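Encoded as C-alpha cells, the structure appears first; notes follow it.
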Amino acid sequence: MAGILTNKQGTLSYFRLGVLVSMIGLLAVLAGFVFWQLEHQARRSPFNVAVFPNAEEIRRDDNSATQRNIIFRVQAPPEDVVAFYQAELDRHLDQDPRDPLRGNTHTLCVRVPVAGEFTDYVPGDGTLPFYHRCGFDNAFFGSQQSTVVEIQPGVRADNLDIDNTGYTFIIYDQRWSR
C-alpha cells in the first residue's frame, strides 16, 4: 500500500505534497485569523487595573462608548498609593523592580513636576502641587485598551470651603476599542 505522499509507482508525489502543504498553510492562516479576532474582541472593554485598598469610588463618567473616567478617594499618603500602582505596573509589564535598566516613562509611574511643586501652586487655592501618572497599556495590532492612573494629593480650596487634605485622589482614564 502506497503512502499518502507517494504515487502508484512508489515515488514522492509532488502534487500530493503540494496539496498537503497548502492545507497546512490554510489551517495556519485560519488559526491566525481566529487568534487575531479573539485578541481584538478582548480589547472591546476597559482594561481593569486593581484599585488601591479601601479606596472609595466617588464618581464615574462614561464619556463615550469607548472611554470612561473613574475617580476614587482614599485616606493614604500619595507616596503609598504611587508605590501600589508602581507594583501593579511592574506586574503588568512583567518587569523586575530591582532591574537597573528599568526606568523610562513607559515603565514607571511618573511624577509631574519631577521635583518640587508647580510654580503656580498656592496652598489653599485648590490647585495641585504635583501629581503622578501611571500608564497601563494593553494595545494589540491597532486595538486600543489602556488605563492611565493619575494620583493627586488632596488640597484645600479655601474660597469654596473645601478641605481634602489627608486624602489622595486616584483618577482612572480608560479607553478601549470598538
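The chains in the C-alpha cells are called A, B, ... from first to last as shown; in each chain the residues are counted from 1, and the ligands are counted from 1 in the order shown.
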Find the residues around Tyr85 of chain A up to 12 Å (only C-alpha atoms counted), leave out those fewer than 2 positions away in its own chain, and share them as a PyMOL selection string. chain A and resi 49-53+78-83+87-92+107-110+132-136+147-151+170-172
Could you please take those selected residues and save C-alpha atoms as a PDB file, in the first residue's frame?
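After the write, selection.pdb holds the following:
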ATOM      1  CA  VAL A  49      -6.367  47.795  36.998  1.00  0.00           C
ATOM      2  CA  ALA A  50      -6.570  46.801  40.662  1.00  0.00           C
ATOM      3  CA  VAL A  51      -7.868  49.598  42.877  1.00  0.00           C
ATOM      4  CA  PHE A  52      -5.861  50.761  45.886  1.00  0.00           C
ATOM      5  CA  PRO A  53      -7.171  49.036  49.051  1.00  0.00           C
ATOM      6  CA  PRO A  78       0.179  59.785  47.789  1.00  0.00           C
ATOM      7  CA  GLU A  79       3.553  58.029  48.091  1.00  0.00           C
ATOM      8  CA  ASP A  80       1.873  54.820  49.336  1.00  0.00           C
ATOM      9  CA  VAL A  81      -0.649  54.961  46.503  1.00  0.00           C
ATOM     10  CA  VAL A  82       2.112  55.510  43.921  1.00  0.00           C
ATOM     11  CA  ALA A  83       4.078  52.566  45.342  1.00  0.00           C
ATOM     12  CA  ALA A  87       3.958  47.447  41.818  1.00  0.00           C
ATOM     13  CA  GLU A  88       0.851  46.844  39.671  1.00  0.00           C
ATOM     14  CA  LEU A  89       2.639  48.326  36.644  1.00  0.00           C
ATOM     15  CA  ASP A  90       5.692  46.134  37.290  1.00  0.00           C
ATOM     16  CA  ARG A  91       3.399  43.098  37.450  1.00  0.00           C
ATOM     17  CA  HIS A  92       1.549  44.146  34.264  1.00  0.00           C
ATOM     18  CA  THR A 107       7.634  51.558  32.662  1.00  0.00           C
ATOM     19  CA  LEU A 108       7.411  53.860  35.667  1.00  0.00           C
ATOM     20  CA  CYS A 109       4.818  55.977  37.395  1.00  0.00           C
ATOM     21  CA  VAL A 110       5.989  59.491  36.575  1.00  0.00           C
ATOM     22  CA  HIS A 132       1.787  61.157  39.447  1.00  0.00           C
ATOM     23  CA  ARG A 133       0.780  59.350  36.257  1.00  0.00           C
ATOM     24  CA  CYS A 134       0.994  55.595  35.588  1.00  0.00           C
ATOM     25  CA  GLY A 135       0.149  54.221  32.132  1.00  0.00           C
ATOM     26  CA  PHE A 136      -1.198  50.690  31.708  1.00  0.00           C
ATOM     27  CA  THR A 147      -5.901  52.804  31.647  1.00  0.00           C
ATOM     28  CA  VAL A 148      -3.970  55.880  32.732  1.00  0.00           C
ATOM     29  CA  VAL A 149      -3.961  56.243  36.507  1.00  0.00           C
ATOM     30  CA  GLU A 150      -3.410  59.759  37.841  1.00  0.00           C
ATOM     31  CA  ILE A 151      -2.662  60.130  41.546  1.00  0.00           C
ATOM     32  CA  ILE A 170      -6.989  58.319  42.102  1.00  0.00           C
ATOM     33  CA  ILE A 171      -8.329  59.023  38.613  1.00  0.00           C
ATOM     34  CA  TYR A 172      -8.682  56.250  36.023  1.00  0.00           C
TER      35      TYR A 172
END
With 9 Å as the cut-off and only C-alpha atoms counted, what is the closest atom pair between each nearby residue of segment 21-56 of chain A and segment 64-73 of chain A? Distances in Å to one decimal, ordered by chain and number, as a tab-separated table.
residue	atom	partner	partner_atom	distance
A:Arg44	CA	A:Thr66	CA	7.9
A:Ser45	CA	A:Thr66	CA	7.6
A:Pro46	CA	A:Thr66	CA	7.9
A:Val51	CA	A:Phe72	CA	8.5
A:Phe52	CA	A:Phe72	CA	8.9
A:Asn54	CA	A:Arg73	CA	8.7
A:Ala55	CA	A:Arg73	CA	5.4
A:Glu56	CA	A:Phe72	CA	5.2
How would the residues just chosen look if you wrote them out with N, CA and C atoms as a PDB file, in the first residue's frame?
ATOM      1  N   ARG A  44     -12.345  45.076  23.625  1.00  0.00           N
ATOM      2  CA  ARG A  44     -13.561  45.870  23.454  1.00  0.00           C
ATOM      3  C   ARG A  44     -14.225  46.180  24.794  1.00  0.00           C
ATOM      4  N   SER A  45     -13.423  46.234  25.821  1.00  0.00           N
ATOM      5  CA  SER A  45     -13.898  46.584  27.159  1.00  0.00           C
ATOM      6  C   SER A  45     -12.747  47.280  27.882  1.00  0.00           C
ATOM      7  N   PRO A  46     -13.028  47.961  28.984  1.00  0.00           N
ATOM      8  CA  PRO A  46     -11.950  48.671  29.689  1.00  0.00           C
ATOM      9  C   PRO A  46     -10.880  47.716  30.216  1.00  0.00           C
ATOM     10  N   VAL A  51      -7.650  48.330  42.177  1.00  0.00           N
ATOM     11  CA  VAL A  51      -7.868  49.598  42.877  1.00  0.00           C
ATOM     12  C   VAL A  51      -7.146  49.543  44.222  1.00  0.00           C
ATOM     13  N   PHE A  52      -6.556  50.662  44.604  1.00  0.00           N
ATOM     14  CA  PHE A  52      -5.861  50.761  45.886  1.00  0.00           C
ATOM     15  C   PHE A  52      -6.804  50.326  47.010  1.00  0.00           C
ATOM     16  N   ASN A  54      -9.142  49.955  50.076  1.00  0.00           N
ATOM     17  CA  ASN A  54     -10.012  50.869  50.829  1.00  0.00           C
ATOM     18  C   ASN A  54     -10.331  52.164  50.093  1.00  0.00           C
ATOM     19  N   ALA A  55      -9.977  52.267  48.825  1.00  0.00           N
ATOM     20  CA  ALA A  55     -10.347  53.457  48.054  1.00  0.00           C
ATOM     21  C   ALA A  55     -11.832  53.369  47.718  1.00  0.00           C
ATOM     22  N   GLU A  56     -12.518  54.484  47.857  1.00  0.00           N
ATOM     23  CA  GLU A  56     -13.945  54.508  47.543  1.00  0.00           C
ATOM     24  C   GLU A  56     -14.175  55.256  46.235  1.00  0.00           C
TER      25      GLU A  56
END
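Ranking A:Gln37, A:Ile24, A:Leu12, A:Gly18 by their shortest atom-to-atom distance to Ser143 of chain A, with only C-alpha atoms included, puts A:Gln37 first.
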Would you please give, as a compact mmCIF listing (two decimals) with C-alpha atoms, in the first residue's frame, all residues of segment 61-138 of chain A that DSSP assigns to strand (DSSP E or B) based on the backbone?
# COMPACT_ATOMS: atom_id res chain seq x y z
CA ASP A 61 -18.24 59.39 33.92
CA ASP A 62 -18.92 57.33 30.80
CA ASN A 63 -17.66 59.86 28.27
CA SER A 64 -18.37 57.71 25.21
CA GLN A 67 -13.94 55.95 27.17
CA ARG A 68 -14.69 56.49 30.84
CA ASN A 69 -13.21 58.21 33.87
CA ILE A 70 -13.49 56.87 37.41
CA ILE A 71 -12.44 58.88 40.47
CA PHE A 72 -11.55 57.21 43.75
CA ARG A 73 -10.64 58.75 47.10
CA VAL A 74 -8.62 57.20 49.91
CA VAL A 110 5.99 59.49 36.58
CA ARG A 111 5.83 62.48 38.93
CA VAL A 112 4.89 65.84 37.43
CA ASP A 125 -6.40 77.96 46.36
CA TYR A 131 0.60 64.59 40.55
CA HIS A 132 1.79 61.16 39.45
CA ARG A 133 0.78 59.35 36.26
CA CYS A 134 0.99 55.59 35.59
CA GLY A 135 0.15 54.22 32.13
CA PHE A 136 -1.20 50.69 31.71
CA ASP A 137 -1.29 49.82 28.00
According to DSSP computed on the backbone, where in segment 76-176 of chain A is there helix (DSSP H, G or I)? Give the residues as a PDB file with C-alpha atoms, in the first residue's frame.
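Listing of out16.pdb after writing:
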ATOM      1  CA  PRO A  78       0.179  59.785  47.789  1.00  0.00           C
ATOM      2  CA  GLU A  79       3.553  58.029  48.091  1.00  0.00           C
ATOM      3  CA  ASP A  80       1.873  54.820  49.336  1.00  0.00           C
ATOM      4  CA  VAL A  81      -0.649  54.961  46.503  1.00  0.00           C
ATOM      5  CA  VAL A  82       2.112  55.510  43.921  1.00  0.00           C
ATOM      6  CA  ALA A  83       4.078  52.566  45.342  1.00  0.00           C
ATOM      7  CA  PHE A  84       0.980  50.354  44.994  1.00  0.00           C
ATOM      8  CA  TYR A  85       0.391  51.343  41.360  1.00  0.00           C
ATOM      9  CA  GLN A  86       4.093  51.031  40.510  1.00  0.00           C
ATOM     10  CA  ALA A  87       3.958  47.447  41.818  1.00  0.00           C
ATOM     11  CA  GLU A  88       0.851  46.844  39.671  1.00  0.00           C
ATOM     12  CA  LEU A  89       2.639  48.326  36.644  1.00  0.00           C
ATOM     13  CA  ASP A  90       5.692  46.134  37.290  1.00  0.00           C
ATOM     14  CA  ARG A  91       3.399  43.098  37.450  1.00  0.00           C
ATOM     15  CA  HIS A  92       1.549  44.146  34.264  1.00  0.00           C
ATOM     16  CA  LEU A  93       4.809  44.637  32.347  1.00  0.00           C
ATOM     17  CA  ASP A 158     -10.465  77.978  50.991  1.00  0.00           C
ATOM     18  CA  ASN A 159     -12.711  80.128  48.787  1.00  0.00           C
ATOM     19  CA  LEU A 160     -15.062  77.124  48.358  1.00  0.00           C
TER      20      LEU A 160
END
